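Novice: Structure supplied as coords-v1.tsv; contents: TSV, C-alpha atoms.
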```tsv
chain	number	residue	atom	x	y	z
A	195	LYS	CA	-133.15	351.69	81.59
A	196	ASN	CA	-130.24	349.35	82.14
A	197	GLY	CA	-128.77	350.13	78.73
A	198	SER	CA	-127.31	347.69	76.25
A	199	LYS	CA	-123.75	348.32	77.44
A	200	ARG	CA	-124.44	347.30	81.01
A	201	MET	CA	-123.78	343.71	82.03
A	202	ALA	CA	-125.95	341.83	84.52
A	203	HIS	CA	-124.71	342.33	88.07
A	204	THR	CA	-122.70	339.45	89.48
A	205	ALA	CA	-122.15	338.98	93.19
A	206	ILE	CA	-118.56	339.64	94.20
A	207	GLY	CA	-116.51	338.19	97.00
A	208	ASP	CA	-116.82	334.48	96.16
A	209	ASN	CA	-116.37	333.43	99.79
A	210	ASN	CA	-112.64	334.09	99.59
A	211	ARG	CA	-112.42	336.13	102.78
A	212	VAL	CA	-111.71	334.88	106.28
A	213	TYR	CA	-113.78	335.93	109.28
A	214	THR	CA	-113.11	335.62	112.99
A	215	ALA	CA	-116.21	334.93	115.07
A	216	GLY	CA	-117.15	337.75	117.36
A	217	SER	CA	-114.55	340.28	116.29
A	218	GLY	CA	-117.30	342.69	115.24
A	219	ILE	CA	-115.40	344.11	112.29
A	220	GLY	CA	-113.70	341.15	110.63
A	221	THR	CA	-110.10	340.09	110.36
A	222	ASP	CA	-107.72	342.05	108.17
A	223	SER	CA	-108.11	339.65	105.27
A	224	SER	CA	-111.85	340.36	105.35
A	225	MET	CA	-111.11	344.08	105.13
A	226	ILE	CA	-109.08	343.84	101.92
A	227	ALA	CA	-110.76	346.39	99.73
A	228	ALA	CA	-111.11	345.22	96.15
A	229	ASN	CA	-107.93	343.48	94.97
A	230	ASP	CA	-108.42	342.13	91.48
A	231	ARG	CA	-112.21	342.14	91.21
A	232	HIS	CA	-111.92	345.01	88.76
A	233	ASN	CA	-109.05	346.57	86.85
A	234	LEU	CA	-108.47	349.53	89.16
A	235	HIS	CA	-105.37	350.85	87.37
A	236	ASN	CA	-107.48	352.54	84.70
A	237	LEU	CA	-109.76	354.05	87.32
A	238	PHE	CA	-106.83	355.51	89.26
A	239	ALA	CA	-105.44	357.02	86.06
A	240	LYS	CA	-108.39	359.40	85.70
A	241	PRO	CA	-107.68	363.10	86.29
A	242	LYS	CA	-108.14	364.17	89.90
A	243	ALA	CA	-109.82	367.31	91.13
A	244	ASN	CA	-107.52	370.33	91.36
A	245	PHE	CA	-108.07	371.28	94.99
A	246	THR	CA	-106.52	374.40	96.47
A	247	THR	CA	-106.43	375.00	100.21
A	248	SER	CA	-106.20	378.27	102.08
A	249	ALA	CA	-107.05	379.59	105.54
A	250	SER	CA	-110.29	377.96	106.65
A	251	SER	CA	-113.51	379.74	107.48
A	252	SER	CA	-115.28	376.48	108.29
A	253	PRO	CA	-115.75	374.76	111.67
A	254	ALA	CA	-112.56	373.06	112.76
A	255	ALA	CA	-111.46	370.69	115.49
A	256	THR	CA	-112.08	372.24	118.89
A	257	SER	CA	-110.14	369.96	121.23
A	258	LYS	CA	-106.59	370.99	121.95
A	259	ALA	CA	-103.84	369.13	123.72
A	260	GLY	CA	-102.43	370.13	127.06
A	261	GLU	CA	-99.16	371.94	127.54
A	262	GLY	CA	-96.33	370.23	125.69
A	263	GLY	CA	-98.69	367.80	123.94
A	264	MET	CA	-99.99	367.34	120.43
A	265	ASP	CA	-103.11	368.86	118.95
A	266	ASP	CA	-106.09	366.52	118.78
A	267	GLU	CA	-106.90	366.24	115.08
A	268	TYR	CA	-110.38	364.83	115.70
A	269	GLY	CA	-112.03	367.31	118.05
A	270	GLU	CA	-115.16	366.21	119.89
A	271	MET	CA	-116.28	362.75	118.77
A	272	THR	CA	-120.08	362.50	118.65
A	273	SER	CA	-122.76	360.51	116.84
A	274	ASP	CA	-124.38	363.66	115.40
A	275	GLY	CA	-125.99	363.57	111.98
A	276	SER	CA	-128.90	362.16	110.00
A	277	THR	CA	-129.65	358.44	109.80
A	278	TYR	CA	-130.24	356.19	106.82
A	279	TYR	CA	-132.41	353.20	107.76
A	280	HIS	CA	-132.07	350.33	105.32
A	281	PRO	CA	-135.67	349.40	104.41
A	282	GLU	CA	-135.18	345.63	104.59
A	283	PRO	CA	-132.86	343.06	106.23
A	284	TYR	CA	-129.31	343.70	105.04
A	285	THR	CA	-127.33	340.66	103.91
A	286	LEU	CA	-123.62	340.88	104.64
A	287	GLU	CA	-120.81	339.53	102.49
A	288	ASN	CA	-120.38	336.56	104.83
A	289	GLY	CA	-124.08	335.65	104.62
A	290	HIS	CA	-125.14	337.00	108.02
A	291	ILE	CA	-128.13	339.34	108.13
A	292	LEU	CA	-128.58	342.63	109.96
A	293	GLU	CA	-132.30	343.05	110.62
A	294	ASN	CA	-132.28	346.80	111.34
A	295	ALA	CA	-129.19	348.18	109.61
A	296	GLN	CA	-128.64	351.91	109.83
A	297	VAL	CA	-125.85	354.36	109.02
A	298	ARG	CA	-125.27	357.85	110.44
A	299	TYR	CA	-124.20	360.53	107.94
A	300	MET	CA	-123.71	364.27	107.51
A	301	THR	CA	-123.88	366.51	104.43
A	302	TYR	CA	-122.40	369.91	103.63
A	303	GLY	CA	-123.17	372.24	100.72
A	304	THR	CA	-126.00	371.99	98.19
A	305	LEU	CA	-126.86	369.27	95.70
A	306	ASN	CA	-127.11	370.77	92.21
A	307	GLU	CA	-130.02	370.30	89.80
A	308	GLU	CA	-128.20	367.49	87.97
A	309	ARG	CA	-127.51	365.84	91.36
A	310	ASP	CA	-123.94	365.04	90.33
A	311	ASN	CA	-121.74	367.57	92.18
A	312	VAL	CA	-121.12	365.06	94.94
A	313	ILE	CA	-117.89	364.42	96.84
A	314	VAL	CA	-117.83	361.57	99.35
A	315	VAL	CA	-115.27	361.71	102.16
A	316	CYS	CA	-114.59	358.42	103.97
A	317	HIS	CA	-113.30	358.51	107.53
A	318	ALA	CA	-110.53	356.41	109.05
A	319	LEU	CA	-111.22	353.44	111.33
A	320	THR	CA	-111.91	355.42	114.52
A	321	GLY	CA	-113.62	358.40	112.87
A	322	ASN	CA	-117.23	359.52	112.63
A	323	ALA	CA	-119.51	361.30	110.17
A	324	SER	CA	-118.63	364.79	111.48
A	325	LEU	CA	-116.21	365.81	108.75
A	326	HIS	CA	-116.06	369.34	110.17
A	327	SER	CA	-114.65	367.95	113.42
A	328	TRP	CA	-111.56	366.24	112.00
A	329	TRP	CA	-110.91	367.74	108.54
A	330	GLY	CA	-112.55	371.09	109.22
A	331	ASP	CA	-109.64	373.10	107.82
A	332	LEU	CA	-110.35	371.55	104.41
A	333	LEU	CA	-114.10	372.15	104.51
A	334	GLY	CA	-115.95	375.31	103.47
A	335	PRO	CA	-116.31	377.81	100.62
A	336	ASN	CA	-113.19	377.89	98.40
A	337	GLN	CA	-111.52	375.13	100.44
A	338	ALA	CA	-110.52	371.68	99.23
A	339	PHE	CA	-114.00	370.40	100.04
A	340	ASP	CA	-115.63	373.45	98.51
A	341	THR	CA	-119.17	373.76	99.86
A	342	SER	CA	-119.93	376.57	97.42
A	343	ARG	CA	-119.48	374.14	94.50
A	344	TYR	CA	-119.95	370.63	95.85
A	345	PHE	CA	-122.34	368.58	97.93
A	346	ILE	CA	-120.10	366.86	100.48
A	347	VAL	CA	-121.23	363.60	102.10
A	348	CYS	CA	-119.52	361.80	104.98
A	349	ALA	CA	-121.04	358.55	106.26
A	350	ASN	CA	-120.13	356.55	109.34
A	351	ILE	CA	-119.05	352.93	108.84
A	352	LEU	CA	-121.05	349.89	109.87
A	353	GLY	CA	-119.79	348.56	113.20
A	354	SER	CA	-118.84	352.00	114.49
A	355	CYS	CA	-119.99	353.33	117.86
A	356	TYR	CA	-120.91	356.72	116.37
A	357	GLY	CA	-124.49	356.18	115.27
A	358	SER	CA	-124.39	353.20	112.90
A	359	THR	CA	-125.44	349.63	113.63
A	360	SER	CA	-122.71	348.13	115.81
A	361	PRO	CA	-121.99	345.70	118.68
A	362	SER	CA	-123.55	348.26	121.04
A	363	SER	CA	-126.85	348.28	119.12
A	364	PRO	CA	-129.83	346.41	120.60
A	365	LYS	CA	-130.62	343.01	119.19
A	366	PRO	CA	-133.77	342.90	117.03
A	367	SER	CA	-135.34	340.44	119.48
A	368	SER	CA	-134.67	342.61	122.53
A	369	GLU	CA	-134.77	346.31	123.38
A	370	LYS	CA	-132.38	345.87	126.32
A	371	GLU	CA	-129.86	343.22	125.17
A	372	ILE	CA	-127.12	344.46	122.83
A	373	TYR	CA	-125.32	342.45	120.15
A	374	GLY	CA	-121.96	342.47	121.92
A	375	MET	CA	-119.86	339.52	120.80
A	376	ASP	CA	-122.79	338.21	118.74
A	377	PHE	CA	-122.44	341.08	116.30
A	378	PRO	CA	-121.51	339.67	112.86
A	379	ASP	CA	-118.23	340.48	111.17
A	380	ILE	CA	-118.39	343.47	108.83
A	381	SER	CA	-116.26	343.87	105.70
A	382	ILE	CA	-115.42	347.01	103.77
A	383	GLN	CA	-117.64	345.71	101.00
A	384	ASP	CA	-120.58	345.68	103.44
A	385	THR	CA	-119.95	349.24	104.60
A	386	VAL	CA	-119.44	350.71	101.12
A	387	ARG	CA	-122.48	348.99	99.67
A	388	MET	CA	-124.60	350.43	102.48
A	389	GLN	CA	-123.18	353.90	101.78
A	390	LEU	CA	-123.89	353.51	98.07
A	391	LEU	CA	-127.50	352.66	98.85
A	392	LEU	CA	-127.68	355.72	101.09
A	393	LEU	CA	-126.37	357.93	98.30
A	394	ARG	CA	-128.54	356.47	95.54
A	395	ASP	CA	-131.79	355.78	97.38
A	396	GLU	CA	-131.88	358.18	100.33
A	397	LEU	CA	-130.11	361.24	98.88
A	398	GLN	CA	-131.08	360.39	95.28
A	399	VAL	CA	-127.63	361.22	93.95
A	400	GLN	CA	-127.24	360.77	90.19
A	401	SER	CA	-123.47	360.29	90.23
A	402	ILE	CA	-120.43	360.96	92.42
A	403	LYS	CA	-117.62	363.21	91.23
A	404	CYS	CA	-115.01	361.82	93.62
A	405	VAL	CA	-114.59	359.60	96.68
A	406	ILE	CA	-111.74	360.57	99.00
A	407	GLY	CA	-110.38	358.88	102.10
A	408	GLY	CA	-107.22	358.14	104.04
A	409	SER	CA	-106.07	354.91	105.71
A	410	PHE	CA	-109.22	352.84	106.33
A	411	GLY	CA	-111.04	355.60	104.45
A	412	GLY	CA	-108.70	355.01	101.53
A	413	MET	CA	-109.66	351.34	101.51
A	414	GLN	CA	-113.29	352.41	101.31
A	415	ALA	CA	-112.46	354.67	98.35
A	416	VAL	CA	-110.90	351.69	96.54
A	417	GLU	CA	-114.01	349.64	97.31
A	418	TYR	CA	-116.21	352.39	95.89
A	419	ALA	CA	-114.26	352.02	92.63
A	420	ALA	CA	-114.72	348.25	92.67
A	421	GLN	CA	-118.44	348.36	93.34
A	422	ALA	CA	-119.55	351.42	91.39
A	423	GLY	CA	-116.68	352.62	89.21
A	424	SER	CA	-117.67	350.96	85.93
A	425	VAL	CA	-120.68	350.67	83.63
A	426	ASP	CA	-120.84	346.97	84.53
A	427	SER	CA	-121.90	347.85	88.07
A	428	GLU	CA	-125.45	347.56	89.37
A	429	PHE	CA	-125.08	351.21	90.42
A	430	ALA	CA	-124.29	352.42	86.89
A	431	VAL	CA	-126.52	355.22	85.61
A	432	ASN	CA	-127.69	356.57	82.27
A	433	ASP	CA	-126.76	360.09	81.20
A	434	LYS	CA	-129.03	362.49	79.29
A	435	HIS	CA	-128.07	360.71	76.06
A	436	ASP	CA	-129.14	357.37	77.56
A	437	GLN	CA	-125.54	356.16	77.65
A	438	ALA	CA	-124.44	354.01	80.61
A	439	LYS	CA	-122.02	355.85	82.95
A	440	PRO	CA	-120.32	354.78	86.18
A	441	PHE	CA	-121.95	355.99	89.38
A	442	VAL	CA	-118.51	356.82	90.84
A	443	ARG	CA	-116.42	358.86	88.40
A	444	THR	CA	-113.09	359.10	90.29
A	445	VAL	CA	-111.55	357.96	93.57
A	446	LEU	CA	-108.65	359.38	95.58
A	447	PRO	CA	-107.34	356.82	98.10
A	448	ILE	CA	-104.71	358.17	100.52
A	449	ALA	CA	-102.20	356.24	102.65
A	450	CYS	CA	-103.56	352.76	101.97
A	451	GLY	CA	-102.91	349.72	99.82
A	452	ALA	CA	-105.13	347.44	97.78
A	453	SER	CA	-104.70	344.75	100.44
A	454	HIS	CA	-103.19	344.18	103.87
A	455	THR	CA	-99.74	342.64	103.97
A	456	ALA	CA	-98.92	339.67	106.21
A	457	TRP	CA	-97.02	342.10	108.47
A	458	GLN	CA	-100.11	344.31	108.90
A	459	ILE	CA	-102.30	341.32	109.65
A	460	ALA	CA	-99.83	340.14	112.30
A	461	ILE	CA	-99.68	343.58	113.96
A	462	SER	CA	-103.48	343.73	114.14
A	463	GLU	CA	-103.66	340.30	115.72
A	464	VAL	CA	-101.13	341.33	118.39
A	465	GLN	CA	-103.31	344.37	119.14
A	466	ARG	CA	-106.34	342.14	119.62
A	467	GLN	CA	-104.35	339.84	121.89
A	468	ALA	CA	-103.39	342.84	124.06
A	469	ILE	CA	-107.09	343.54	124.62
A	470	TYR	CA	-107.91	339.88	125.25
A	471	ALA	CA	-105.14	339.74	127.89
A	472	ASP	CA	-106.79	342.46	129.97
A	473	PRO	CA	-108.87	340.67	132.69
A	474	LYS	CA	-111.56	343.30	132.23
A	475	TRP	CA	-112.14	341.95	128.72
A	476	ASN	CA	-113.97	339.18	130.58
A	477	ASN	CA	-114.04	336.75	127.65
A	478	GLY	CA	-115.81	339.24	125.45
A	479	ASN	CA	-118.29	340.49	128.03
A	480	PRO	CA	-116.70	343.67	129.42
A	481	SER	CA	-118.60	345.93	131.74
A	482	PRO	CA	-119.64	349.21	130.07
A	483	ASP	CA	-118.81	350.94	133.35
A	484	ASP	CA	-115.36	349.36	133.68
A	485	PRO	CA	-114.00	348.52	130.19
A	486	PRO	CA	-110.57	346.96	129.47
A	487	LEU	CA	-108.81	350.30	129.05
A	488	ALA	CA	-105.35	348.94	129.95
A	489	GLY	CA	-105.44	346.38	127.13
A	490	LEU	CA	-106.90	348.92	124.73
A	491	SER	CA	-104.14	351.39	125.66
A	492	VAL	CA	-101.42	348.85	124.83
A	493	ALA	CA	-103.15	347.95	121.58
A	494	ARG	CA	-103.28	351.62	120.62
A	495	GLN	CA	-99.58	352.06	121.44
A	496	ILE	CA	-98.74	349.13	119.16
A	497	GLY	CA	-100.81	350.73	116.43
A	498	MET	CA	-99.13	354.11	116.81
A	499	VAL	CA	-95.66	352.53	116.59
A	500	SER	CA	-96.64	350.71	113.39
A	501	TYR	CA	-97.72	353.90	111.62
A	502	ARG	CA	-94.14	354.80	110.75
A	503	THR	CA	-91.17	352.83	109.44
A	504	SER	CA	-87.96	352.44	111.44
A	505	MET	CA	-86.25	354.94	109.11
A	506	GLY	CA	-89.09	357.38	109.71
A	507	TYR	CA	-88.42	357.32	113.43
A	508	GLU	CA	-84.71	358.01	112.87
A	509	LYS	CA	-85.65	361.21	111.02
A	510	LYS	CA	-88.04	362.45	113.70
```
Spell out the structure here as structure tokens.

Specialist:
Amino acid sequence: KNGSKRMAHTAIGDNNRVYTAGSGIGTDSSMIAANDRHNLHNLFAKPKANFTTSASSSPAATSKAGEGGMDDEYGEMTSDGSTYYHPEPYTLENGHILENAQVRYMTYGTLNEERDNVIVVCHALTGNASLHSWWGDLLGPNQAFDTSRYFIVCANILGSCYGSTSPSSPKPSSEKEIYGMDFPDISIQDTVRMQLLLLRDELQVQSIKCVIGGSFGGMQAVEYAAQAGSVDSEFAVNDKHDQAKPFVRTVLPIACGASHTAWQIAISEVQRQAIYADPKWNNGNPSPDDPPLAGLSVARQIGMVSYRTSMGYEKK
């Protein structure tokens, strides 16, 4: 079944990532997508789907801004969807183990008989699995994410508060005590591998036509290429001629790089420090009823400023 062209799977990562205890999602260097683990240039050179957008007939974002404000691109943020429960303890890239790992996901459209008309859409850092809520104008029959032709899958990331295992999840040893600061650091590799298992084992997908994502979602798309974009991958499949084929055929990363720059890492650390400086952070034990919103607000402002260059602001 493995095919003569497929190499034995080798663990990737090699302990070359840095983790910060208790951050819950890992430092920026731990979130570097794939770097040089595979030659991604050839993967990116593959033809991309020819999407055409028009007026949407699909559900779209429902939340609107107040007078004089900006539209809310996300709409209502919920943890709606189905849940993939990993059947055994899930070992993370840093060696920690999640006993009851789960991921929330949503699907749109119909899986074809060959089970290969699949498009995966990866959300940004603060997103959820409800693709219709934040990219609804692109979703539906004859839209970019054409539900009349494709089976669209959107999965929440590990560590998110929208249905997947996260710092707010109960500890395996207690139904009342949550992980909180004890939640292990999560890398993009951890999240994407869990999503790949969901696609292969839960949804029984044969192969993926394209993985698309922007920002943090773009980093996930790159990681999909690294983990499942070649016949050397453990996720590689055999076609009807018994030839080894990659599980992921193309990726379309948007607004992201292969790795974080030193400048990006510094900005993220300043954002964390803004939250730590809020007394309501309480050394990592904030009250759910009175969270450190002031520190979080400053951190978000820093993030928003960093999303454009100085020249970009001059043109606005």

Novice: Restricting the calculation to all atoms listed in the file, which member of A:His454, A:Arg387, A:Arg502, A:Arg298 is positioned closest to Asn322 of chain A?

Specialist: A:Arg298

Novice: Extract, using all atoms listed in the file, all DNA, RNA and protein residues at most 9 Å from Val347 of chain A, discarding same-chain residues fewer than 3 positions from it, and format them as a ChimeraX atom specification.

Specialist: /A:299-303,312-316,323,325,393

Novice: Kindly save the residues from that selection, with C-alpha atoms included, as a tab-separated table (two decimals), in the coordinates of the input.

Specialist:
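Output saved as out30.tsv:
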```
chain	number	residue	atom	x	y	z
A	299	TYR	CA	-124.20	360.53	107.94
A	300	MET	CA	-123.71	364.27	107.51
A	301	THR	CA	-123.88	366.51	104.43
A	302	TYR	CA	-122.40	369.91	103.63
A	303	GLY	CA	-123.17	372.24	100.72
A	312	VAL	CA	-121.12	365.06	94.94
A	313	ILE	CA	-117.89	364.42	96.84
A	314	VAL	CA	-117.83	361.57	99.35
A	315	VAL	CA	-115.27	361.71	102.16
A	316	CYS	CA	-114.59	358.42	103.97
A	323	ALA	CA	-119.51	361.30	110.17
A	325	LEU	CA	-116.21	365.81	108.75
A	393	LEU	CA	-126.37	357.93	98.30
```

Novice: Using only C-alpha atoms, pick whichever of A:Gly489, A:Gly408, A:Pro361, A:Gly275 has the shortest atom-to-atom distance to Trp329 of chain A.

Specialist: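 The shortest atom-to-atom distance to Trp329 of chain A comes from A:Gly408.
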
Novice: So which residues touch Tyr373 of chain A within 8 Å, counting all atoms listed in the file, skipping near sequence neighbours fewer than 4 positions away, as a compact mmCIF listing (two decimals) with C-alpha atoms, in the frame of the given file?

Specialist:
```
# COMPACT_ATOMS: atom_id res chain seq x y z
CA SER A 360 -122.71 348.13 115.81
CA PRO A 361 -121.99 345.70 118.68
CA SER A 362 -123.55 348.26 121.04
CA SER A 363 -126.85 348.28 119.12
CA PRO A 364 -129.83 346.41 120.60
CA LYS A 365 -130.62 343.01 119.19
CA PHE A 377 -122.44 341.08 116.30
```

Novice: How many Å separate atom CA of Met413 of chain A from atom CA of Gly451 of chain A?

Specialist: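 Between atom CA of Met413 of chain A and atom CA of Gly451 of chain A the gap is 7.1 Å.
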
Novice: I'd like to know which of A:Cys348, A:Ala493, A:Ala420, A:Cys404 is closest to Ser462 of chain A, using all atoms listed in the file.

Specialist: A:Ala493

Novice: I want to know what sits within 9 Å of segment 281-287 of chain A, based on only C-alpha atoms, with residues of the same chain fewer than 3 positions away left out; could you give that as a list in words?

Specialist: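 Here the answer would be Ile206, Gly207, Asn209, His290, Ile291, Leu292, Glu293, Asn294, Ala295, Pro378, Asp379, Ile380, Ser381, Gln383, Asp384 and Met388 of chain A.
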
Novice: What's the 8 Å shell around segment 468-480 of chain A, counting only C-alpha atoms, without same-chain residues fewer than 6 positions away, as a PyMOL selection string?

Specialist: chain A and resi 374-375+486+488-490+492-493

Novice: Could you check how far atom CA of Pro482 of chain A sits from atom CA of Met498 of chain A, in Å to one decimal?

Specialist: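 Taking atom CA of Pro482 of chain A and atom CA of Met498 of chain A, their separation equals 24.9 Å.
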
Novice: Taking only C-alpha atoms into account, which of A:Leu487, A:Leu305, A:Ile402, A:Ile382 comes nearest Val431 of chain A?

Specialist: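 Nearest to Val431 of chain A: A:Ile402.
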
Novice: My list of candidates is A:Ala419, A:Ser500, A:Glu428, A:Pro335. Which is closest to Thr444 of chain A when distances are computed with all atoms listed in the file?

Specialist: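 Of all the options, A:Ala419 lies closest to Thr444 of chain A.
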
Novice: Between atom CA of Gly357 of chain A and atom CA of Asp274 of chain A, what is the distance in Å, rounded to a tenth?

Specialist: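 It comes out at 7.5 Å.
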
Novice: From (-130.8, 365.0, 93.9), in the file's coordinates, out to 10 Å: which residues are reached, counting only C-alpha atoms? Answer as a list in words.

Specialist: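 Applying the cut-off with only C-alpha atoms, one gets Thr304, Leu305, Asn306, Glu307, Glu308, Arg309, Asp310, Asn311, Val312, Leu393, Arg394, Asp395, Glu396, Leu397, Gln398, Val399, Gln400 and Ser401 of chain A.
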
Novice: Taking only C-alpha atoms into account, which of A:Gln458, A:Gln414, A:Gln467, A:Thr277 comes nearest Leu446 of chain A?

Specialist: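 Of A:Gln458, A:Gln414, A:Gln467, A:Thr277, the one nearest Leu446 of chain A, counting only C-alpha atoms, is A:Gln414.
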